[in-house]
Amino acid sequence: MSRAASSYRDPEGFVSIEDERVFRYMDSKAYKDFLDANQEGFLNRLVQEKKLVPWQSKDIQLEKTGPYNNVVQLHRLSFISYPYEWSFQALKKAAIFHLDIQIEGLENNVVLSDATAYNVQFVGTEPIFIDHQSFKPYSDGEFWKGHGQFCEQFLNPLLLSAEVGIDYNGIYQANVDGIASELLLKVLPFYKKLKPALLMHLVVPHSMSTKRTVAKKTQTRKFSKNSYLALLKTLRSTIDGLKPKIKGTFWSGYADCNNYQDSSFQEKEKFISDFVQKTQPPILWDLGCNNGYFSILAAKNGARSVMSFDFDLECLDNLFLKAEELNLNIQPLLFNLSKPSPNIGWQQQERQGIFERRNATSLLALALIHHMRISSNIPLDQIVGYLTKLAPSGVIEFVPKTDSKVQELLMLREDIFFDYEQQNFEQLLLSKAKIIERCKINNSDRTLYWYDTR
Amino acid sequence: MKMIPFKNYILLAVLIVFFSEPAEAYIDPATGSMAMQILLGGLAAAYLFLRERVNAFFYTIKRIFFGNKD
C-alpha cells in the first residue's frame, strides 16, 4: 500500500495508489458518512452527471490496514493539475462548480467537510470532484465549516486578479494553500473593501478572527439552513460577476501577426494535421500553445486529449473559453518552461512538479525553442534533451537566426548563442530520437521535425 | 433574526474597515468565518428574500402593462 503524499490531513481515511490504480481507504465513521451522504442517491447522481469521479467497491483484493477497513476503487484521472496552474476562467469555473455541489448537496441534506480547490480537477474544461470522503450528512444548525478555506483557495485569488489586477498564480503556488485574506486586504483599494460581498467574506471574517469570545459563541449558537443556503447562493452570484482585468498582453496578440505567409501557414497546418492523424495521440502536450490554434487543430484531427501549456494567462483564458465553446477536450494550463511547477508542500511531495506528472504520448513545440534558447538562455542540447524526455514523439519547429522573429530577439543583445544552428539541432535530435519526417516550410527559413524516441 | 438598519450597516462597515486588527497566525482562520456567519448570516437570506420580492413586484407591473407574454 502506498499512501498518496498529499493525503495526510484527514485521520478518517486516505488515498492510496497501487499499480496505477487509485483506492480510498476509510475508517468506519468516514464510510458510514459516505453511505449516509448517498442514502438518497445524491453521489450517484453526481457521478452520472460527470461531476464526481466514479467509484466501485466490488472485488477489491487488498490488505486492509488498522481502522481503515473500508476500501473503494476510484476511476483514475490521467492528469492532476493544481489551482495555481489554472487561469482565471478555470478557477472561476471550479469555484462556481464547488458552490453548485454544495448548494445541491445542502438541498439534499449533504455538506462538504472542507473546501479545498485541490479536490476539483478538470477533464478538458469540465470540472470534476475527486474527494468522496468530503461528503457528510448535514446536521441541523451547523455552520459552513469550509468558508475560510473556500475564501483562501477560490475567492481571494479571483478577487486579487479581478479587483487589483495582480495574477494570483505565483503567490498561490508559493503559499500552496491559496491567498491569505490578510495579504489581499493589504493590496485592495479602500473603496473596494466597502463592497457588501467583500465586507462579508473578507473584511468581517478577518477582523473577527482574533475575537475569541465571538468564536466561543459558535459552540452554542445554531446557523439556520436557510442562511447557509443564502450564503452559498449570494457568494455564487458574486463570483459569477467577477471578470479578469483586461490587459491585452503582448503574447495574446502575438499569433495574429506571426511570421508566415498564407501558403506557408497551410503547409505547417498540413504537417501537424498529418502527424496527429497518423499517430492519433491519446494525450498531446502543446507547449507554448499561445492562442491554441494548433491545440484546436490537433483536437479536431484525432488527438483524444490535448493539454495546452503557456506562460501567458490571457492566452490560456482565451483558449479555455474557446475550447468550452467548441466542446473540445483541451485543458489549458500555466507552464513556464524555464520555471516549471516544482515539487512542493509537505515533504516536497504533496504537490508534484510538472515533469513528475508528465503523461504526454506526443508533444508539439512550435515556434518555441528560439525563445527557450535566446530569451531564457537554455543551451540547445538541454532543450532537446528535455523535450524528448517529456514525450516519446512529437513535432519541433526550428526557427533559425535568419528569421525575423529571432532577429528581433537578438536586436538588443550580443549573439552568444553559438550552438543555435540548424545542423547542430539536427545532430542533437538524432542523438535522442529518429527523425520520421521533416518539412522545410516554403517562403520561410523554418523547418518542422517529426521525431520519435522509440 | 433582528435586522441591522441600512445606515447602521454602512457605519459598521466603515468602522470594521478602519479598525481591523491584523490576525494572529496561530488562530485558525475559520474563527473569523464562524463569527461572520453568526453576525451576518441572516443578511444573505434577507437579501435573497428581498430580491425575490422586488423581482416579483416588477414582474407583476410588467404583466399589468405588457400582458402575460411568457
# chains A, B, ... in the order shown; residues from 1 in each chain; ligands from 1
$ select_by_dssp --residues "region 33-254 of chain A" --states "strand (DSSP E)" --output "PyMOL selection string"
chain A and resi 55-56+70-74+110-112+120-123+126-129+135-137
$ interface_residues --of "chain B" --to "chain A" --cutoff "6 Å" --atoms "only C-alpha atoms" --output "number ranges by chain"
B: 20-21, 30-33, 35-36, 41-42, 44-45
$ closest_residue --among "A:Leu160, A:Ile17, A:Leu409, A:Ala37" --to "Leu62 (chain A)" --atoms "only C-alpha atoms"
A:Ile17
$ atom_distance --atom1 "CA of Phe65 (chain B)" --atom2 "CA of Glu52 (chain B)"
20.1 Å
$ atom_distance --atom1 "CA of Gln102 (chain A)" --atom2 "CA of Ile171 (chain A)"
26.9 Å
$ atom_distance --atom1 "CA of Leu46 (chain A)" --atom2 "CA of Met34 (chain B)"
28.5 Å
$ residues_around --residues "His132 (chain A)" --least-positions-apart "2" --cutoff "12 Å" --atoms "only C-alpha atoms" --output "PyMOL selection string"
chain A and resi 13-15+23-26+30-35+37-38+42-44+46-47+51-56+71-75+111-114+119-120+128-130+134-136
$ write_last_selection --atoms "N, CA and C atoms" --output "short mmCIF file (atom, residue, chain, number, x, y, z; two decimals), in the first residue's frame"
data_model
loop_
_atom_site.label_atom_id
_atom_site.label_comp_id
_atom_site.auth_asym_id
_atom_site.auth_seq_id
_atom_site.Cartn_x
_atom_site.Cartn_y
_atom_site.Cartn_z
N GLY A 13 -9.32 8.75 6.93
CA GLY A 13 -9.06 7.97 5.72
C GLY A 13 -7.99 8.59 4.85
N PHE A 14 -7.67 7.91 3.76
CA PHE A 14 -6.63 8.42 2.86
C PHE A 14 -6.74 7.76 1.49
N VAL A 15 -6.00 8.34 0.54
CA VAL A 15 -5.96 7.81 -0.83
C VAL A 15 -4.66 7.05 -1.00
N PHE A 23 -7.15 3.96 -4.86
CA PHE A 23 -8.09 3.46 -3.86
C PHE A 23 -8.28 4.50 -2.77
N ARG A 24 -9.48 4.49 -2.17
CA ARG A 24 -9.70 5.31 -0.98
C ARG A 24 -10.00 4.40 0.19
N TYR A 25 -9.16 4.51 1.20
CA TYR A 25 -9.36 3.76 2.45
C TYR A 25 -10.12 4.66 3.43
N MET A 26 -11.14 4.07 4.09
CA MET A 26 -11.90 4.87 5.06
C MET A 26 -12.12 4.07 6.34
N ALA A 30 -15.98 7.36 8.64
CA ALA A 30 -15.96 8.02 7.32
C ALA A 30 -16.83 7.24 6.33
N TYR A 31 -16.76 5.91 6.41
CA TYR A 31 -17.52 5.10 5.45
C TYR A 31 -19.02 5.24 5.70
N LYS A 32 -19.39 5.31 7.00
CA LYS A 32 -20.82 5.48 7.33
C LYS A 32 -21.30 6.85 6.80
N ASP A 33 -20.50 7.90 6.99
CA ASP A 33 -20.85 9.23 6.49
C ASP A 33 -21.03 9.21 4.97
N PHE A 34 -20.10 8.51 4.32
CA PHE A 34 -20.13 8.40 2.85
C PHE A 34 -21.44 7.71 2.40
N LEU A 35 -21.78 6.61 3.07
CA LEU A 35 -23.00 5.89 2.70
C LEU A 35 -24.24 6.73 3.04
N ALA A 37 -24.41 9.98 3.14
CA ALA A 37 -24.50 11.09 2.19
C ALA A 37 -25.13 10.61 0.87
N ASN A 38 -24.96 9.32 0.60
CA ASN A 38 -25.50 8.77 -0.66
C ASN A 38 -26.85 8.06 -0.47
N PHE A 42 -27.61 10.86 -3.89
CA PHE A 42 -27.03 12.14 -4.32
C PHE A 42 -25.68 11.95 -5.02
N LEU A 43 -24.83 11.10 -4.45
CA LEU A 43 -23.49 10.91 -5.03
C LEU A 43 -23.58 10.16 -6.36
N ASN A 44 -24.50 9.21 -6.45
CA ASN A 44 -24.69 8.50 -7.73
C ASN A 44 -25.10 9.48 -8.84
N LEU A 46 -24.36 12.65 -8.95
CA LEU A 46 -23.18 13.45 -9.33
C LEU A 46 -22.30 12.67 -10.30
N VAL A 47 -22.15 11.36 -10.07
CA VAL A 47 -21.33 10.53 -10.97
C VAL A 47 -21.97 10.51 -12.37
N LYS A 51 -19.88 14.84 -12.52
CA LYS A 51 -19.38 15.86 -11.60
C LYS A 51 -18.55 15.23 -10.48
N LEU A 52 -18.61 13.91 -10.36
CA LEU A 52 -17.85 13.20 -9.32
C LEU A 52 -17.20 11.98 -9.96
N VAL A 53 -15.95 11.74 -9.60
CA VAL A 53 -15.20 10.60 -10.15
C VAL A 53 -15.92 9.29 -9.74
N PRO A 54 -16.18 8.38 -10.70
CA PRO A 54 -16.87 7.14 -10.36
C PRO A 54 -16.07 6.28 -9.39
N TRP A 55 -16.77 5.51 -8.57
CA TRP A 55 -16.10 4.60 -7.64
C TRP A 55 -16.79 3.25 -7.71
N GLN A 56 -16.09 2.21 -7.27
CA GLN A 56 -16.73 0.91 -7.13
C GLN A 56 -16.10 0.17 -5.95
N VAL A 71 -12.67 -0.02 1.72
CA VAL A 71 -11.89 0.48 0.57
C VAL A 71 -12.78 0.58 -0.65
N VAL A 72 -12.68 1.70 -1.36
CA VAL A 72 -13.35 1.81 -2.66
C VAL A 72 -12.29 2.15 -3.71
N GLN A 73 -12.51 1.63 -4.93
CA GLN A 73 -11.59 1.95 -6.01
C GLN A 73 -12.16 3.12 -6.80
N LEU A 74 -11.29 4.07 -7.11
CA LEU A 74 -11.73 5.27 -7.83
C LEU A 74 -11.23 5.24 -9.28
N HIS A 75 -12.01 5.80 -10.17
CA HIS A 75 -11.56 5.96 -11.54
C HIS A 75 -10.35 6.90 -11.53
N VAL A 111 -23.41 17.93 3.18
CA VAL A 111 -22.47 19.06 3.16
C VAL A 111 -21.07 18.56 2.82
N LEU A 112 -20.20 19.51 2.51
CA LEU A 112 -18.79 19.15 2.30
C LEU A 112 -18.02 19.55 3.55
N SER A 113 -17.12 18.67 3.99
CA SER A 113 -16.42 18.94 5.24
C SER A 113 -15.32 19.99 5.08
N ASP A 114 -14.87 20.23 3.85
CA ASP A 114 -13.87 21.27 3.64
C ASP A 114 -14.11 21.91 2.27
N ASN A 119 -9.46 19.56 -4.53
CA ASN A 119 -10.42 18.48 -4.73
C ASN A 119 -11.19 18.61 -6.04
N VAL A 120 -10.96 19.72 -6.74
CA VAL A 120 -11.58 19.88 -8.06
C VAL A 120 -10.50 19.64 -9.12
N ILE A 128 -14.45 18.31 -12.28
CA ILE A 128 -14.94 17.07 -11.68
C ILE A 128 -14.38 16.99 -10.25
N PHE A 129 -15.22 16.52 -9.32
CA PHE A 129 -14.84 16.46 -7.90
C PHE A 129 -14.21 15.11 -7.62
N ILE A 130 -13.14 15.09 -6.79
CA ILE A 130 -12.42 13.83 -6.62
C ILE A 130 -12.43 13.27 -5.19
N SER A 134 -15.16 13.80 1.52
CA SER A 134 -15.60 15.12 1.98
C SER A 134 -17.09 15.19 2.21
N PHE A 135 -17.86 14.27 1.62
CA PHE A 135 -19.31 14.36 1.74
C PHE A 135 -19.77 13.84 3.10
N LYS A 136 -20.53 14.69 3.81
CA LYS A 136 -21.01 14.31 5.15
C LYS A 136 -22.51 14.63 5.22
#
$ residues_around --residues "Leu430 (chain A)" --least-positions-apart "2" --cutoff "12 Å" --atoms "only C-alpha atoms" --output "list in words"
Asp381, Val384, Gly385, Thr388, Gln423, Asn424, Phe425, Glu426, Gln427, Leu428, Lys432, Ala433, Lys434, Ile435, Ile436, Tyr449, Trp450, Tyr451, Asp452 and Thr453 of chain A
$ residues_around --residues "Tyr172 (chain A)" --least-positions-apart "5" --cutoff "8 Å" --atoms "only C-alpha atoms" --output "PyMOL selection string"
chain A and resi 83-84+157+177-179
$ select_by_dssp --residues "region 288-390 of chain A" --states "alpha helix (DSSP H)" --output "ChimeraX atom specification"
/A:293-300,313-326,369-370,380-390
